[in-house]
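Novice: Below is the file input.tsv, which contains TSV, C-alpha atoms and all ligand atoms.
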```tsv
chain	number	residue	atom	x	y	z
A	1	MET	CA	77.02	127.65	104.81
A	2	THR	CA	74.24	129.28	106.81
A	3	SER	CA	70.98	127.53	107.59
A	4	THR	CA	69.24	129.60	104.90
A	5	ASN	CA	71.37	128.28	102.04
A	6	ILE	CA	71.73	124.63	103.04
A	7	PRO	CA	70.75	122.58	99.94
A	8	GLN	CA	67.62	120.45	100.14
A	9	ILE	CA	68.59	116.81	99.61
A	10	HIS	CA	65.97	115.16	97.40
A	11	ASP	CA	67.48	111.65	97.18
A	12	THR	CA	65.18	110.59	94.33
A	13	ILE	CA	67.57	108.47	92.24
A	14	ARG	CA	66.64	104.78	92.26
A	15	ALA	CA	68.85	103.15	89.62
A	16	VAL	CA	67.85	99.52	90.33
A	17	GLN	CA	64.10	98.96	90.04
A	18	TRP	CA	62.04	95.77	90.18
A	19	HIS	CA	58.96	95.82	87.96
A	20	GLY	CA	57.36	92.46	88.75
A	21	ASP	CA	58.65	90.57	85.70
A	22	ARG	CA	61.82	92.52	84.85
A	23	LEU	CA	64.68	94.44	86.42
A	24	ARG	CA	65.10	98.02	85.19
A	25	LEU	CA	68.58	99.47	85.43
A	26	LEU	CA	69.66	103.03	84.74
A	27	ASP	CA	72.53	102.45	82.33
A	28	GLN	CA	75.56	103.97	84.08
A	29	ARG	CA	77.73	103.61	80.99
A	30	LEU	CA	75.80	106.43	79.31
A	31	LEU	CA	75.40	108.96	82.12
A	32	PRO	CA	75.36	111.93	82.23
A	33	ALA	CA	74.88	112.29	78.44
A	34	GLU	CA	71.87	109.96	78.32
A	35	GLU	CA	69.42	108.73	80.96
A	36	LYS	CA	68.56	105.40	79.38
A	37	TRP	CA	66.99	102.42	81.15
A	38	ILE	CA	67.62	98.82	80.25
A	39	ASP	CA	65.26	95.94	81.04
A	40	CYS	CA	66.69	92.60	82.18
A	41	ARG	CA	64.31	89.65	81.84
A	42	ASP	CA	66.64	86.75	82.66
A	43	SER	CA	69.70	86.08	84.79
A	44	GLU	CA	72.01	86.18	81.77
A	45	SER	CA	71.12	89.81	81.02
A	46	VAL	CA	71.72	90.72	84.69
A	47	TYR	CA	75.11	88.98	84.50
A	48	HIS	CA	76.05	91.10	81.48
A	49	ALA	CA	74.73	94.31	83.07
A	50	ILE	CA	77.04	93.70	86.05
A	51	LYS	CA	80.06	92.56	84.05
A	52	ASP	CA	79.79	95.42	81.53
A	53	LEU	CA	79.14	98.08	84.25
A	54	ALA	CA	75.60	99.09	83.26
A	55	VAL	CA	75.06	98.59	87.00
A	56	ARG	CA	78.06	99.12	89.27
A	57	GLY	CA	79.01	99.94	92.84
A	58	ALA	CA	79.31	97.14	95.39
A	59	PRO	CA	75.83	97.28	97.01
A	60	ALA	CA	74.02	97.83	93.68
A	61	ILE	CA	75.81	94.85	92.16
A	62	GLY	CA	74.62	92.62	95.03
A	63	ILE	CA	71.05	93.91	94.78
A	64	ALA	CA	70.93	93.43	91.00
A	65	ALA	CA	72.30	89.88	91.35
A	66	ALA	CA	69.61	89.01	93.92
A	67	TRP	CA	66.97	90.13	91.40
A	68	GLY	CA	68.83	88.08	88.77
A	69	VAL	CA	68.12	84.99	90.89
A	70	VAL	CA	64.43	85.94	91.07
A	71	LEU	CA	64.37	86.25	87.26
A	72	ALA	CA	66.04	82.83	86.97
A	73	ALA	CA	63.32	81.35	89.20
A	74	LEU	CA	60.53	83.09	87.24
A	75	ARG	CA	61.87	81.70	83.95
A	76	GLY	CA	62.54	78.21	85.25
A	77	GLU	CA	66.31	78.46	84.74
A	78	PRO	CA	68.53	75.98	86.64
A	79	LEU	CA	69.15	77.97	89.86
A	80	GLU	CA	72.52	76.49	90.82
A	81	GLN	CA	73.85	77.48	87.40
A	82	ALA	CA	72.39	80.99	87.60
A	83	LEU	CA	73.91	81.50	91.07
A	84	ALA	CA	77.36	80.40	89.89
A	85	HIS	CA	77.21	82.47	86.73
A	86	LEU	CA	76.12	85.67	88.51
A	87	ARG	CA	78.83	85.12	91.12
A	88	SER	CA	81.49	85.14	88.41
A	89	ALA	CA	80.46	88.53	86.98
A	90	ARG	CA	82.95	90.56	89.05
A	91	PRO	CA	85.47	89.33	91.65
A	92	THR	CA	86.23	92.13	94.14
A	93	ALA	CA	82.95	93.47	95.56
A	94	VAL	CA	81.93	90.94	98.22
A	95	ASN	CA	78.36	92.29	98.27
A	96	LEU	CA	77.82	90.22	95.13
A	97	MET	CA	78.74	86.96	96.87
A	98	TRP	CA	76.96	88.02	100.07
A	99	ALA	CA	73.66	88.69	98.27
A	100	LEU	CA	73.89	85.45	96.27
A	101	ASP	CA	74.64	83.48	99.46
A	102	ARG	CA	71.49	84.94	101.01
A	103	MET	CA	69.45	83.90	97.97
A	104	LYS	CA	71.10	80.46	97.96
A	105	ALA	CA	70.19	79.92	101.62
A	106	ARG	CA	66.54	80.73	100.84
A	107	ILE	CA	66.58	78.31	97.91
A	108	ALA	CA	68.11	75.60	100.14
A	109	ALA	CA	65.30	76.24	102.64
A	110	GLY	CA	62.76	75.51	99.88
A	111	ALA	CA	61.70	79.08	99.08
A	112	ASP	CA	59.30	79.52	96.16
A	113	THR	CA	59.57	82.37	93.65
A	114	GLN	CA	57.50	84.72	95.80
A	115	ALA	CA	59.72	84.06	98.81
A	116	LEU	CA	62.80	84.73	96.67
A	117	GLU	CA	61.22	87.98	95.54
A	118	ARG	CA	60.67	88.97	99.18
A	119	GLU	CA	64.32	88.19	99.97
A	120	ALA	CA	65.62	90.32	97.08
A	121	LYS	CA	63.35	93.17	98.18
A	122	ALA	CA	64.62	92.82	101.75
A	123	ILE	CA	68.23	93.03	100.53
A	124	GLN	CA	67.38	96.20	98.62
A	125	ASP	CA	65.36	97.82	101.43
A	126	GLU	CA	67.94	96.99	104.12
A	127	ASP	CA	70.62	98.68	102.02
A	128	LEU	CA	68.67	101.94	101.89
A	129	ALA	CA	68.07	101.87	105.65
A	130	ALA	CA	71.77	101.12	106.29
A	131	ASN	CA	72.83	104.04	104.10
A	132	ARG	CA	70.59	106.51	105.93
A	133	HIS	CA	71.91	105.32	109.29
A	134	MET	CA	75.55	105.45	108.14
A	135	GLY	CA	74.90	108.95	106.85
A	136	GLU	CA	74.07	110.11	110.37
A	137	LEU	CA	76.95	108.22	112.00
A	138	GLY	CA	79.54	109.47	109.50
A	139	ALA	CA	78.31	113.07	109.42
A	140	ALA	CA	78.59	113.25	113.21
A	141	LEU	CA	82.38	112.82	112.88
A	142	ILE	CA	82.76	115.93	110.72
A	143	ALA	CA	83.23	119.39	112.20
A	144	PRO	CA	80.65	121.98	111.02
A	145	GLY	CA	81.65	123.94	107.92
A	146	SER	CA	84.18	121.41	106.60
A	147	SER	CA	85.23	120.73	103.03
A	148	VAL	CA	85.66	117.07	102.08
A	149	MET	CA	86.92	115.03	99.19
A	150	THR	CA	85.53	111.83	97.69
A	151	HIS	CA	86.52	109.30	95.06
A	152	CYS	CA	84.63	107.16	92.53
A	153	ASN	CA	80.82	107.04	92.84
A	154	THR	CA	79.29	105.80	96.08
A	155	GLY	CA	75.92	107.46	95.77
A	156	SER	CA	72.36	106.45	94.94
A	157	LEU	CA	73.61	105.02	91.65
A	158	ALA	CA	75.93	102.60	93.44
A	159	THR	CA	73.43	101.47	96.09
A	160	SER	CA	69.70	101.12	96.58
A	161	GLY	CA	69.61	104.88	97.27
A	162	PHE	CA	71.24	107.75	99.25
A	163	GLY	CA	74.71	106.19	99.07
A	164	THR	CA	77.52	105.18	101.42
A	165	ALA	CA	80.31	107.79	101.34
A	166	LEU	CA	78.01	110.02	99.32
A	167	GLY	CA	75.29	109.31	101.90
A	168	VAL	CA	77.57	110.70	104.61
A	169	ILE	CA	78.16	113.70	102.34
A	170	ARG	CA	74.39	114.14	101.78
A	171	ALA	CA	73.73	113.89	105.52
A	172	GLY	CA	76.71	116.15	106.30
A	173	VAL	CA	75.48	118.82	103.90
A	174	SER	CA	71.94	118.64	105.35
A	175	ALA	CA	73.37	119.06	108.85
A	176	GLY	CA	75.55	122.04	107.85
A	177	ARG	CA	78.71	120.06	108.59
A	178	ILE	CA	79.90	119.94	104.97
A	179	GLN	CA	80.08	123.14	102.96
A	180	GLN	CA	82.09	122.04	99.91
A	181	VAL	CA	82.78	118.72	98.17
A	182	TYR	CA	85.71	117.92	95.90
A	183	ALA	CA	85.19	114.89	93.65
A	184	GLY	CA	88.09	113.13	91.95
A	185	GLU	CA	87.34	112.27	88.34
A	186	THR	CA	88.31	108.58	88.86
A	187	ARG	CA	90.17	107.61	85.75
A	188	PRO	CA	89.79	105.59	83.64
A	189	TRP	CA	86.04	104.97	83.85
A	190	GLN	CA	85.27	108.46	85.24
A	191	GLN	CA	82.80	107.41	87.94
A	192	GLY	CA	83.58	110.65	89.79
A	193	ALA	CA	83.33	112.96	86.80
A	194	ARG	CA	80.34	111.31	85.13
A	195	LEU	CA	78.31	109.93	88.03
A	196	THR	CA	79.21	111.64	91.32
A	197	MET	CA	79.09	115.11	89.78
A	198	TRP	CA	75.70	114.22	88.22
A	199	GLU	CA	74.33	113.28	91.63
A	200	LEU	CA	75.84	116.27	93.44
A	201	VAL	CA	74.61	118.78	90.87
A	202	ARG	CA	71.09	117.26	91.01
A	203	ASP	CA	71.07	117.79	94.77
A	204	GLY	CA	72.47	121.32	94.53
A	205	ILE	CA	75.48	120.37	96.68
A	206	PRO	CA	78.45	122.74	96.23
A	207	ALA	CA	80.93	120.50	94.42
A	208	LYS	CA	84.06	120.87	92.36
A	209	LEU	CA	85.55	118.22	90.11
A	210	ILE	CA	89.30	117.75	90.35
A	211	ALA	CA	91.69	115.72	88.25
A	212	ASP	CA	92.79	112.66	90.24
A	213	SER	CA	96.32	114.01	90.10
A	214	ALA	CA	95.25	117.25	91.86
A	215	ALA	CA	94.37	115.47	95.13
A	216	SER	CA	97.69	115.88	96.99
A	217	HIS	CA	97.92	119.52	95.94
A	218	LEU	CA	94.40	120.10	97.31
A	219	MET	CA	95.20	118.37	100.61
A	220	LYS	CA	98.41	120.36	101.02
A	221	SER	CA	96.37	123.58	100.84
A	222	GLY	CA	94.61	122.63	104.09
A	223	GLU	CA	91.22	123.02	102.43
A	224	VAL	CA	89.84	119.49	102.99
A	225	LYS	CA	89.37	117.95	106.44
A	226	TRP	CA	88.22	114.47	105.43
A	227	VAL	CA	88.59	112.09	102.50
A	228	ILE	CA	85.40	109.99	102.46
A	229	VAL	CA	85.25	106.84	100.31
A	230	GLY	CA	83.24	103.64	99.93
A	231	ALA	CA	84.48	100.07	99.81
A	232	ASP	CA	84.16	96.92	97.76
A	233	ARG	CA	85.46	94.56	100.43
A	234	ILE	CA	86.68	95.14	103.97
A	235	ALA	CA	88.86	92.34	105.36
A	236	ALA	CA	88.79	91.10	108.97
A	237	ASN	CA	91.68	93.40	109.92
A	238	GLY	CA	90.07	96.51	108.38
A	239	ASP	CA	92.14	96.55	105.17
A	240	THR	CA	89.83	97.96	102.52
A	241	ALA	CA	89.58	97.31	98.79
A	242	ASN	CA	88.07	100.19	96.87
A	243	LYS	CA	88.34	101.90	93.50
A	244	ILE	CA	91.87	102.25	92.13
A	245	GLY	CA	93.40	105.45	93.42
A	246	THR	CA	91.92	105.15	96.92
A	247	TYR	CA	95.22	103.89	98.36
A	248	GLN	CA	97.21	106.84	97.10
A	249	LEU	CA	94.56	109.21	98.52
A	250	ALA	CA	94.95	107.53	101.93
A	251	ILE	CA	98.73	107.92	101.80
A	252	ALA	CA	98.42	111.58	100.82
A	253	ALA	CA	95.77	112.17	103.50
A	254	ARG	CA	97.98	110.76	106.28
A	255	HIS	CA	100.93	112.82	105.03
A	256	HIS	CA	98.89	116.02	105.17
A	257	GLY	CA	96.99	115.34	108.41
A	258	VAL	CA	93.68	114.90	106.56
A	259	LYS	CA	91.31	112.31	108.11
A	260	PHE	CA	90.31	109.26	106.07
A	261	MET	CA	86.83	107.69	106.37
A	262	VAL	CA	85.54	104.46	104.78
A	263	VAL	CA	81.76	104.09	104.65
A	264	ALA	CA	80.21	100.71	103.83
A	265	PRO	CA	77.32	98.51	104.95
A	266	SER	CA	78.02	95.26	106.81
A	267	SER	CA	77.38	93.42	103.51
A	268	THR	CA	80.79	94.77	102.38
A	269	VAL	CA	82.62	93.32	105.40
A	270	ASP	CA	84.25	89.96	104.73
A	271	MET	CA	85.36	88.50	108.06
A	272	ALA	CA	86.40	85.29	106.24
A	273	THR	CA	89.21	87.20	104.50
A	274	ALA	CA	92.03	87.83	106.94
A	275	SER	CA	93.70	90.79	105.26
A	276	GLY	CA	93.78	92.87	102.10
A	277	ASP	CA	96.50	90.61	100.66
A	278	ASP	CA	93.84	87.93	100.19
A	279	ILE	CA	91.43	90.12	98.20
A	280	GLU	CA	91.25	89.46	94.46
A	281	ILE	CA	91.74	92.65	92.51
A	282	GLU	CA	89.77	92.86	89.28
A	283	LEU	CA	91.81	93.50	86.15
A	284	ARG	CA	89.78	94.97	83.32
A	285	ASP	CA	90.32	95.35	79.61
A	286	SER	CA	93.19	97.68	78.70
A	287	ALA	CA	90.82	99.30	76.19
A	288	GLU	CA	89.36	101.27	79.14
A	289	LEU	CA	92.73	103.05	79.42
A	290	LEU	CA	93.67	103.25	75.77
A	291	SER	CA	90.47	105.01	74.72
A	292	VAL	CA	88.32	107.86	76.02
A	293	ALA	CA	84.55	107.66	75.37
A	294	GLY	CA	85.17	104.90	72.85
A	295	ARG	CA	87.76	106.91	70.91
A	296	ARG	CA	91.34	105.63	70.85
A	297	THR	CA	93.70	108.20	72.41
A	298	VAL	CA	96.89	106.15	72.73
A	299	VAL	CA	99.17	105.08	69.90
A	300	GLU	CA	98.28	101.74	68.27
A	301	GLY	CA	100.50	98.97	69.58
A	302	ALA	CA	100.67	100.44	73.11
A	303	GLN	CA	99.94	98.11	76.03
A	304	ALA	CA	98.26	99.00	79.34
A	305	TRP	CA	97.73	97.51	82.81
A	306	ASN	CA	94.28	98.19	84.26
A	307	PRO	CA	93.71	97.04	87.86
A	308	VAL	CA	90.43	98.69	88.89
A	309	PHE	CA	90.72	98.37	92.68
A	310	ASP	CA	93.48	98.74	95.25
A	311	VAL	CA	93.78	97.96	98.95
A	312	THR	CA	94.18	100.63	101.62
A	313	PRO	CA	95.79	99.24	104.76
A	314	ALA	CA	93.76	99.63	107.95
A	315	SER	CA	96.60	101.66	109.47
A	316	LEU	CA	95.79	104.53	107.07
A	317	ILE	CA	92.07	104.55	107.93
A	318	ASP	CA	90.75	106.79	110.72
A	319	ALA	CA	87.18	105.48	110.75
A	320	ILE	CA	85.17	102.68	109.17
A	321	VAL	CA	81.50	103.63	109.31
A	322	THR	CA	78.96	100.82	109.03
A	323	GLU	CA	75.27	100.65	109.98
A	324	ARG	CA	76.33	98.53	112.97
A	325	GLY	CA	78.60	101.23	114.32
A	326	VAL	CA	81.83	103.16	113.78
A	327	ILE	CA	85.22	101.49	114.13
A	328	GLU	CA	87.87	104.12	114.78
A	329	GLN	CA	91.53	103.28	114.00
A	330	PRO	CA	90.43	99.79	112.83
A	331	THR	CA	92.21	96.67	114.07
A	332	VAL	CA	91.35	92.95	114.08
A	333	GLU	CA	89.96	93.35	117.61
A	334	GLY	CA	87.95	96.46	116.75
A	335	MET	CA	86.44	94.76	113.69
A	336	ARG	CA	85.69	91.59	115.66
A	337	ALA	CA	83.92	93.55	118.39
A	338	VAL	CA	81.39	94.81	115.83
A	339	PHE	CA	81.20	91.94	113.38
A	340	THR	CA	81.24	88.71	115.35
A	341	ALA	CA	79.36	89.92	118.40
B	401	LIG	C1	78.88	102.38	97.44
B	401	LIG	S1	79.91	101.95	96.17
B	401	LIG	C2	81.46	101.47	96.90
B	401	LIG	C3	82.39	100.97	95.89
B	401	LIG	O1	81.80	99.95	95.15
B	401	LIG	C4	82.89	102.09	94.96
B	401	LIG	O2	83.68	102.99	95.69
B	401	LIG	C5	83.68	101.48	93.82
B	401	LIG	O3	84.85	101.23	93.93
B	401	LIG	C6	82.90	101.13	92.61
B	401	LIG	O4	83.67	100.48	91.63
B	401	LIG	P1	82.97	100.13	90.24
B	401	LIG	O5	84.08	99.51	89.43
B	401	LIG	O6	82.49	101.41	89.67
B	401	LIG	O7	81.87	99.14	90.53
```
Output the file's structure in the form of structure tokens.
Ligand SMILES: CSC[C@@H](O)[C@@H](O)C(=O)COP(=O)(O)O
Specialist:
Amino acid sequence: MTSTNIPQIHDTIRAVQWHGDRLRLLDQRLLPAEEKWIDCRDSESVYHAIKDLAVRGAPAIGIAAAWGVVLAALRGEPLEQALAHLRSARPTAVNLMWALDRMKARIAAGADTQALEREAKAIQDEDLAANRHMGELGAALIAPGSSVMTHCNTGSLATSGFGTALGVIRAGVSAGRIQQVYAGETRPWQQGARLTMWELVRDGIPAKLIADSAASHLMKSGEVKWVIVGADRIAANGDTANKIGTYQLAIAARHHGVKFMVVAPSSTVDMATASGDDIEIELRDSAELLSVAGRRTVVEGAQAWNPVFDVTPASLIDAIVTERGVIEQPTVEGMRAVFTA
């Protein structure tokens, strides 16, 4: 890519929007076919939006939940109950618990509704700033002119804007370090095919969709230099839970000498969880596997097993990029140096 044909990154997608008395969410279940917004006016509707994946992606889930607490306060709902209910919406992404703990601490300190609103806004704004900073840190690791691969959707849709892994890709493209992106389709929910490709095409970033099962073949060709993914929870030893399929990408990357980068804000780091073995993996309805776009594709009577995250051991990760710094070849000591200092 020469400097004359480097795409302009517009970064205009803001999928979680506060409108004073309601939370507007771009419904990610319908993209890219429909750009439809839903309005949440109480904590219960935010709970359902998170549980049913209208809003998804670890940072976006936390941000939406924080606004759910503000809505509970505005409507005079019992706050302890709202906090507990929102917390139960999804189990793996620790950003959800992290954001609710921040809101809970403000409530315990006697915050009124306006103060809670300021806290939710701070959570949202800090996420955007973290993403921009991680973009620069991650892009600096990539040699100019590289092709990279990503998985799931870690972009503006999954965060307050810009994205984590996709933020590094946006920054890398702007800096001329990334010339081509390969996005895995991310079966069964198709976050890569439906959401990441939507974001990349909007930004004019050269991108090709691949079937998840084409990843090893692509890596063997020598075409991609980095696999860049997000995270839902990073344990104290660097083990990383992320979208199902991430682990097999890390294994294939190590086998083929391709570097593996995890990009996540500090709100995704869970120093209270010792290793990936202690992370709860969300199991979702088998209907997500047995149907495509709501249409049954598998014989009636068939059963399915649908874990939606897996854990990549730290030993397969070359770099964890956070807004607090980069941890190369992560270990307990390396994580501790950045996260308990
Ligand atoms: C910046 S998003 C990071 C992760 O949350 C992302 O990679 C992922 O696994 C999303 O899972 P999802 O089930 O779509 O919420």
Novice: Let me make sure I understand: among A:Val262, A:Met197, A:Val299, A:Ala122, which one has the smallest atom-to-atom distance to ligand LIG 401 (chain B) if we use only C-alpha atoms and all ligand atoms?
Specialist: A:Val262
Novice: Taking only C-alpha atoms and all ligand atoms into account, produce a table as a Markdown table in which each residue of chain A with an atom at most 8 Å from an atom of ligand LIG 401 (chain B) appears once, together with its shortest atom pair and the distance in Å to one decimal, ordered by chain and rising number.
Specialist:
```
| residue | atom | partner | partner_atom | distance |
| --- | --- | --- | --- | --- |
| A:Leu53 | CA | B:LIG401 | O7 | 6.9 |
| A:Val55 | CA | B:LIG401 | O7 | 7.7 |
| A:Arg56 | CA | B:LIG401 | O7 | 4.0 |
| A:Gly57 | CA | B:LIG401 | O1 | 3.6 |
| A:Ala58 | CA | B:LIG401 | O1 | 3.8 |
| A:Pro59 | CA | B:LIG401 | C1 | 6.0 |
| A:Ala60 | CA | B:LIG401 | S1 | 7.6 |
| A:Ile61 | CA | B:LIG401 | O7 | 7.6 |
| A:Ala93 | CA | B:LIG401 | O1 | 6.6 |
| A:His151 | CA | B:LIG401 | O2 | 6.9 |
| A:Cys152 | CA | B:LIG401 | O2 | 5.3 |
| A:Asn153 | CA | B:LIG401 | O2 | 5.7 |
| A:Thr154 | CA | B:LIG401 | C1 | 3.7 |
| A:Gly155 | CA | B:LIG401 | C1 | 6.1 |
| A:Ala158 | CA | B:LIG401 | S1 | 4.9 |
| A:Thr159 | CA | B:LIG401 | C1 | 5.7 |
| A:Gly163 | CA | B:LIG401 | C1 | 5.9 |
| A:Thr164 | CA | B:LIG401 | C1 | 5.1 |
| A:Ala165 | CA | B:LIG401 | C1 | 6.8 |
| A:Leu166 | CA | B:LIG401 | C1 | 7.9 |
| A:Trp189 | CA | B:LIG401 | O6 | 7.7 |
| A:Gln191 | CA | B:LIG401 | O6 | 6.3 |
| A:Val229 | CA | B:LIG401 | O2 | 6.2 |
| A:Gly230 | CA | B:LIG401 | C2 | 4.1 |
| A:Ala231 | CA | B:LIG401 | C2 | 4.4 |
| A:Asp232 | CA | B:LIG401 | O1 | 4.6 |
| A:Ala241 | CA | B:LIG401 | O3 | 7.8 |
| A:Asn242 | CA | B:LIG401 | O3 | 4.5 |
| A:Lys243 | CA | B:LIG401 | O3 | 3.6 |
| A:Ile244 | CA | B:LIG401 | O3 | 7.3 |
| A:Val263 | CA | B:LIG401 | C1 | 8.0 |
| A:Ala264 | CA | B:LIG401 | C1 | 6.7 |
| A:Val308 | CA | B:LIG401 | O5 | 6.4 |
| A:Phe309 | CA | B:LIG401 | O3 | 6.6 |
```
Novice: With C-alpha atoms kept, could you save the residues just selected as a PDB file, in the frame of the given file?
Specialist:
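Writing the result to out38.pdb gives the following:
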```pdb
ATOM      1  CA  LEU A  53      79.140  98.080  84.250  1.00  0.00           C
ATOM      2  CA  VAL A  55      75.060  98.590  87.000  1.00  0.00           C
ATOM      3  CA  ARG A  56      78.060  99.120  89.270  1.00  0.00           C
ATOM      4  CA  GLY A  57      79.010  99.940  92.840  1.00  0.00           C
ATOM      5  CA  ALA A  58      79.310  97.140  95.390  1.00  0.00           C
ATOM      6  CA  PRO A  59      75.830  97.280  97.010  1.00  0.00           C
ATOM      7  CA  ALA A  60      74.020  97.830  93.680  1.00  0.00           C
ATOM      8  CA  ILE A  61      75.810  94.850  92.160  1.00  0.00           C
ATOM      9  CA  ALA A  93      82.950  93.470  95.560  1.00  0.00           C
ATOM     10  CA  HIS A 151      86.520 109.300  95.060  1.00  0.00           C
ATOM     11  CA  CYS A 152      84.630 107.160  92.530  1.00  0.00           C
ATOM     12  CA  ASN A 153      80.820 107.040  92.840  1.00  0.00           C
ATOM     13  CA  THR A 154      79.290 105.800  96.080  1.00  0.00           C
ATOM     14  CA  GLY A 155      75.920 107.460  95.770  1.00  0.00           C
ATOM     15  CA  ALA A 158      75.930 102.600  93.440  1.00  0.00           C
ATOM     16  CA  THR A 159      73.430 101.470  96.090  1.00  0.00           C
ATOM     17  CA  GLY A 163      74.710 106.190  99.070  1.00  0.00           C
ATOM     18  CA  THR A 164      77.520 105.180 101.420  1.00  0.00           C
ATOM     19  CA  ALA A 165      80.310 107.790 101.340  1.00  0.00           C
ATOM     20  CA  LEU A 166      78.010 110.020  99.320  1.00  0.00           C
ATOM     21  CA  TRP A 189      86.040 104.970  83.850  1.00  0.00           C
ATOM     22  CA  GLN A 191      82.800 107.410  87.940  1.00  0.00           C
ATOM     23  CA  VAL A 229      85.250 106.840 100.310  1.00  0.00           C
ATOM     24  CA  GLY A 230      83.240 103.640  99.930  1.00  0.00           C
ATOM     25  CA  ALA A 231      84.480 100.070  99.810  1.00  0.00           C
ATOM     26  CA  ASP A 232      84.160  96.920  97.760  1.00  0.00           C
ATOM     27  CA  ALA A 241      89.580  97.310  98.790  1.00  0.00           C
ATOM     28  CA  ASN A 242      88.070 100.190  96.870  1.00  0.00           C
ATOM     29  CA  LYS A 243      88.340 101.900  93.500  1.00  0.00           C
ATOM     30  CA  ILE A 244      91.870 102.250  92.130  1.00  0.00           C
ATOM     31  CA  VAL A 263      81.760 104.090 104.650  1.00  0.00           C
ATOM     32  CA  ALA A 264      80.210 100.710 103.830  1.00  0.00           C
ATOM     33  CA  VAL A 308      90.430  98.690  88.890  1.00  0.00           C
ATOM     34  CA  PHE A 309      90.720  98.370  92.680  1.00  0.00           C
TER      35      PHE A 309
END
```
Novice: Which one of A:Arg284, A:Arg296, A:His85, A:Arg132 sits closest to Val168 of chain A if you count all atoms listed in the file?
Specialist: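 For Val168 of chain A, the nearest of the candidates is A:Arg132.
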Novice: Choose the residue, out of A:Asp52, A:Arg170, A:Glu223, A:Gln124, that has the smallest atom-to-atom separation from Gly204 of chain A; count all atoms listed in the file.
Specialist: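 Result for the nearest residue to Gly204 of chain A: A:Arg170.
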Novice: Could you tell me how far atom CA of Arg22 of chain A lies from atom CA of Val69 of chain A, in Å and to one decimal?
Specialist: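 These two atoms are separated by 11.5 Å.
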Novice: Which distance in Å separates atom CA of Glu117 of chain A and atom CA of Asp101 of chain A, to one decimal?
Specialist: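 Between atom CA of Glu117 of chain A and atom CA of Asp101 of chain A the gap is 14.7 Å.
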